[in-house]
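> My questions all concern the structure below.
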Amino acid sequence: MKKTIFTLFIALTTVASKAQEEPKKPEIGFNLNAKIGYAKLIQNDMVNLNGTINSGDMLFFYRLPSGTTFSTGVGLMDFNTNGVAGGEGYALEHTYLRIPLYINYSLSVLGEQLDNKLSTFGGIGVYANTLLKEEIQTLDETFKNKNQGWNSGLGFNLGVRFSVTKNLNFGIGFESQSDFSKMKKEGVERKLETINTANFTFEYKF
């Protein structure tokens, strides 16, 4: 009888403690992403050019209790490379404006008992992309073009997120993107492929 009463007491205590737990609420915040890596420029009447990528995003996010996160914002990306045309070397720089939309899913690594200090995440995203400025520099002169058209692309990302404070997270990860349409303006068609970057993220929750 005593054993039965003790078991019943433990069960009721467990149920009561769970009932007192506050349900998880959606999270809102923003994150700043810094990215470095490589990409390939494909353009008609030119050989393919491999170059470096420097990029940054400012995104606002909405995270559901399940760990699914929706984020969007703006980003700037620089593509730099060197080439040769007509026996003359040149330096090429492209500056892009990007409007991304990501869907990510987070999974705790250490478990609830350690307050989710470490979690993994992965996701998929699409983006609209415009070439704000093109600069071609030779030994003799510099050519500049602006507003060279729009296109769109698709990307995937994977990473790890560390909880620094209650409202601040730091993350590192990898992202692969590729334009699936070409920019077309004044007979020039171009796109970026195999955009592979290492990402560093600071995330703040309101």
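We name chains A, B, ... following the order of the structure tokens; residues begin at 1 in each chain, and ligands are numbered from 1 as shown.
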What's the 7 Å shell around segment 41-54 of chain A, counting only C-alpha atoms, without same-chain residues fewer than 4 positions away, as a PyMOL selection string?

chain A and resi 35-37+77-81+188-193

> Emit the selected residues as a PDB file, in the first residue's frame, including N, CA, C and O atoms.


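What ended up in part20.pdb:
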```pdb
ATOM      1  N   LYS A  35      30.452  36.251 -45.067  1.00  0.00           N
ATOM      2  CA  LYS A  35      30.745  35.070 -45.884  1.00  0.00           C
ATOM      3  C   LYS A  35      31.989  35.313 -46.734  1.00  0.00           C
ATOM      4  O   LYS A  35      32.163  36.398 -47.293  1.00  0.00           O
ATOM      5  N   ILE A  36      32.828  34.295 -46.840  1.00  0.00           N
ATOM      6  CA  ILE A  36      33.988  34.341 -47.721  1.00  0.00           C
ATOM      7  C   ILE A  36      34.054  33.013 -48.474  1.00  0.00           C
ATOM      8  O   ILE A  36      33.717  31.962 -47.930  1.00  0.00           O
ATOM      9  N   GLY A  37      34.476  33.090 -49.759  1.00  0.00           N
ATOM     10  CA  GLY A  37      34.542  31.854 -50.533  1.00  0.00           C
ATOM     11  C   GLY A  37      34.899  32.099 -51.978  1.00  0.00           C
ATOM     12  O   GLY A  37      35.595  33.075 -52.316  1.00  0.00           O
ATOM     13  N   MET A  77      27.175  41.422 -52.064  1.00  0.00           N
ATOM     14  CA  MET A  77      28.188  40.426 -52.389  1.00  0.00           C
ATOM     15  C   MET A  77      29.142  40.983 -53.432  1.00  0.00           C
ATOM     16  O   MET A  77      28.713  41.561 -54.437  1.00  0.00           O
ATOM     17  N   ASP A  78      30.446  40.825 -53.194  1.00  0.00           N
ATOM     18  CA  ASP A  78      31.484  41.230 -54.146  1.00  0.00           C
ATOM     19  C   ASP A  78      32.130  39.997 -54.751  1.00  0.00           C
ATOM     20  O   ASP A  78      32.499  39.059 -54.033  1.00  0.00           O
ATOM     21  N   PHE A  79      32.265  40.016 -56.081  1.00  0.00           N
ATOM     22  CA  PHE A  79      32.985  38.968 -56.813  1.00  0.00           C
ATOM     23  C   PHE A  79      34.190  39.618 -57.477  1.00  0.00           C
ATOM     24  O   PHE A  79      34.050  40.600 -58.208  1.00  0.00           O
ATOM     25  N   ASN A  80      35.390  39.090 -57.220  1.00  0.00           N
ATOM     26  CA  ASN A  80      36.626  39.651 -57.767  1.00  0.00           C
ATOM     27  C   ASN A  80      37.413  38.575 -58.499  1.00  0.00           C
ATOM     28  O   ASN A  80      37.569  37.448 -57.995  1.00  0.00           O
ATOM     29  N   THR A  81      37.932  38.933 -59.675  1.00  0.00           N
ATOM     30  CA  THR A  81      38.725  37.984 -60.448  1.00  0.00           C
ATOM     31  C   THR A  81      39.644  38.747 -61.396  1.00  0.00           C
ATOM     32  O   THR A  81      39.539  39.976 -61.544  1.00  0.00           O
ATOM     33  N   VAL A 188      24.312  41.012 -73.279  1.00  0.00           N
ATOM     34  CA  VAL A 188      25.211  40.287 -72.368  1.00  0.00           C
ATOM     35  C   VAL A 188      24.384  39.396 -71.456  1.00  0.00           C
ATOM     36  O   VAL A 188      23.417  39.850 -70.834  1.00  0.00           O
ATOM     37  N   GLU A 189      24.767  38.127 -71.376  1.00  0.00           N
ATOM     38  CA  GLU A 189      24.113  37.178 -70.480  1.00  0.00           C
ATOM     39  C   GLU A 189      25.151  36.632 -69.515  1.00  0.00           C
ATOM     40  O   GLU A 189      26.224  36.189 -69.919  1.00  0.00           O
ATOM     41  N   ARG A 190      24.820  36.662 -68.237  1.00  0.00           N
ATOM     42  CA  ARG A 190      25.799  36.214 -67.235  1.00  0.00           C
ATOM     43  C   ARG A 190      25.091  35.628 -66.014  1.00  0.00           C
ATOM     44  O   ARG A 190      23.943  35.957 -65.716  1.00  0.00           O
ATOM     45  N   LYS A 191      25.821  34.755 -65.316  1.00  0.00           N
ATOM     46  CA  LYS A 191      25.346  34.223 -64.042  1.00  0.00           C
ATOM     47  C   LYS A 191      26.524  33.694 -63.248  1.00  0.00           C
ATOM     48  O   LYS A 191      27.604  33.443 -63.804  1.00  0.00           O
ATOM     49  N   LEU A 192      26.328  33.525 -61.945  1.00  0.00           N
ATOM     50  CA  LEU A 192      27.330  32.947 -61.057  1.00  0.00           C
ATOM     51  C   LEU A 192      26.925  31.528 -60.693  1.00  0.00           C
ATOM     52  O   LEU A 192      25.774  31.277 -60.343  1.00  0.00           O
ATOM     53  N   GLU A 193      27.883  30.616 -60.748  1.00  0.00           N
ATOM     54  CA  GLU A 193      27.645  29.224 -60.363  1.00  0.00           C
ATOM     55  C   GLU A 193      28.645  28.806 -59.296  1.00  0.00           C
ATOM     56  O   GLU A 193      29.662  29.469 -59.073  1.00  0.00           O
TER      57      GLU A 193
END
```

> Can you tell me, as a list in words, which residues in segment 11-193 of chain A count as helix (DSSP H, G or I) by DSSP?

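Helix (DSSP H, G or I) members of segment 11-193 of chain A, listed: Ala11, Leu12, Thr13, Thr14, Val15, Ala16, Ser17, Lys18, Ala19, Gln20, Glu112, Gln113 and Leu114 of chain A.
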
> Name all residues at most 8 Å from Glu135 of chain A (count only C-alpha atoms; drop same-chain ones fewer than 4 positions away) and give them as a PDB file with N, CA and C atoms, in the first residue's frame.


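The resulting file, around17.pdb, is shown below:
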```pdb
ATOM      1  N   LEU A  92      38.526  42.371 -62.720  1.00  0.00           N
ATOM      2  CA  LEU A  92      37.073  42.501 -62.790  1.00  0.00           C
ATOM      3  C   LEU A  92      36.484  42.454 -61.389  1.00  0.00           C
ATOM      4  N   GLU A  93      35.578  43.393 -61.096  1.00  0.00           N
ATOM      5  CA  GLU A  93      34.874  43.408 -59.807  1.00  0.00           C
ATOM      6  C   GLU A  93      33.387  43.598 -60.047  1.00  0.00           C
ATOM      7  N   HIS A  94      32.588  42.711 -59.469  1.00  0.00           N
ATOM      8  CA  HIS A  94      31.131  42.808 -59.514  1.00  0.00           C
ATOM      9  C   HIS A  94      30.604  43.031 -58.104  1.00  0.00           C
ATOM     10  N   THR A 142      39.741  52.479 -66.785  1.00  0.00           N
ATOM     11  CA  THR A 142      38.766  51.729 -66.003  1.00  0.00           C
ATOM     12  C   THR A 142      37.383  51.919 -66.616  1.00  0.00           C
ATOM     13  N   PHE A 143      36.675  50.812 -66.818  1.00  0.00           N
ATOM     14  CA  PHE A 143      35.321  50.841 -67.361  1.00  0.00           C
ATOM     15  C   PHE A 143      34.342  50.496 -66.246  1.00  0.00           C
ATOM     16  N   LYS A 144      33.235  51.251 -66.172  1.00  0.00           N
ATOM     17  CA  LYS A 144      32.233  51.016 -65.149  1.00  0.00           C
ATOM     18  C   LYS A 144      30.845  50.913 -65.771  1.00  0.00           C
ATOM     19  N   ASN A 145      30.092  49.928 -65.314  1.00  0.00           N
ATOM     20  CA  ASN A 145      28.698  49.767 -65.726  1.00  0.00           C
ATOM     21  C   ASN A 145      27.840  49.615 -64.477  1.00  0.00           C
TER      22      ASN A 145
END
```

> Rounded to one decimal place, report the atom CA of Lys166 of chain A-atom CA of Ala34 of chain A distance in Å.

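According to the coordinates, atom CA of Lys166 of chain A and atom CA of Ala34 of chain A are separated by 22.0 Å.
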
> What does the structure give for the distance between atom CA of Glu186 of chain A and atom CA of Lys146 of chain A, in Å to one decimal?

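Computed distance, atom CA of Glu186 of chain A to atom CA of Lys146 of chain A, equals 12.2 Å.
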
> Residues of segment 38-150 of chain A within 10 Å of segment 198-201 of chain A: nearest atom pair and distance (Å, one decimal) for each, counting only C-alpha atoms, sorted by chain and number, as JSON lines?


```
{"residue": "A:Tyr38", "atom": "CA", "partner": "A:Ala198", "partner_atom": "CA", "distance": 9.5}
{"residue": "A:Ser55", "atom": "CA", "partner": "A:Asn199", "partner_atom": "CA", "distance": 9.2}
{"residue": "A:Gly56", "atom": "CA", "partner": "A:Asn199", "partner_atom": "CA", "distance": 9.2}
{"residue": "A:Asp57", "atom": "CA", "partner": "A:Thr201", "partner_atom": "CA", "distance": 9.3}
{"residue": "A:Met58", "atom": "CA", "partner": "A:Thr201", "partner_atom": "CA", "distance": 9.9}
```

> Looking at only C-alpha atoms, which of A:Lys133, A:Lys205, A:Tyr102, A:Glu88 is the one that sits closest to Asn167 of chain A?

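Going through A:Lys133, A:Lys205, A:Tyr102, A:Glu88 one by one, the smallest distance to Asn167 of chain A is for A:Lys205.
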
> Given only C-alpha atoms as the basis, pick out the residue of A:Asn82, A:Asn157, A:Glu134, A:Gly87 nearest to Lys40 of chain A.

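Going through A:Asn82, A:Asn157, A:Glu134, A:Gly87 one by one, the smallest distance to Lys40 of chain A is for A:Asn82.
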
> Pull the strand (DSSP E or B) assignments for segment 23-175 of chain A out of DSSP run on the backbone, and list those residues as number ranges by chain.

A: 27-43, 49-63, 68-85, 88-108, 118-137, 142-146, 150-163, 168-175

> Could you work out how far atom CA of Gln148 of chain A lies from atom CA of Met183 of chain A, giving the answer in Å with one decimal?

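The value is 7.3 Å.
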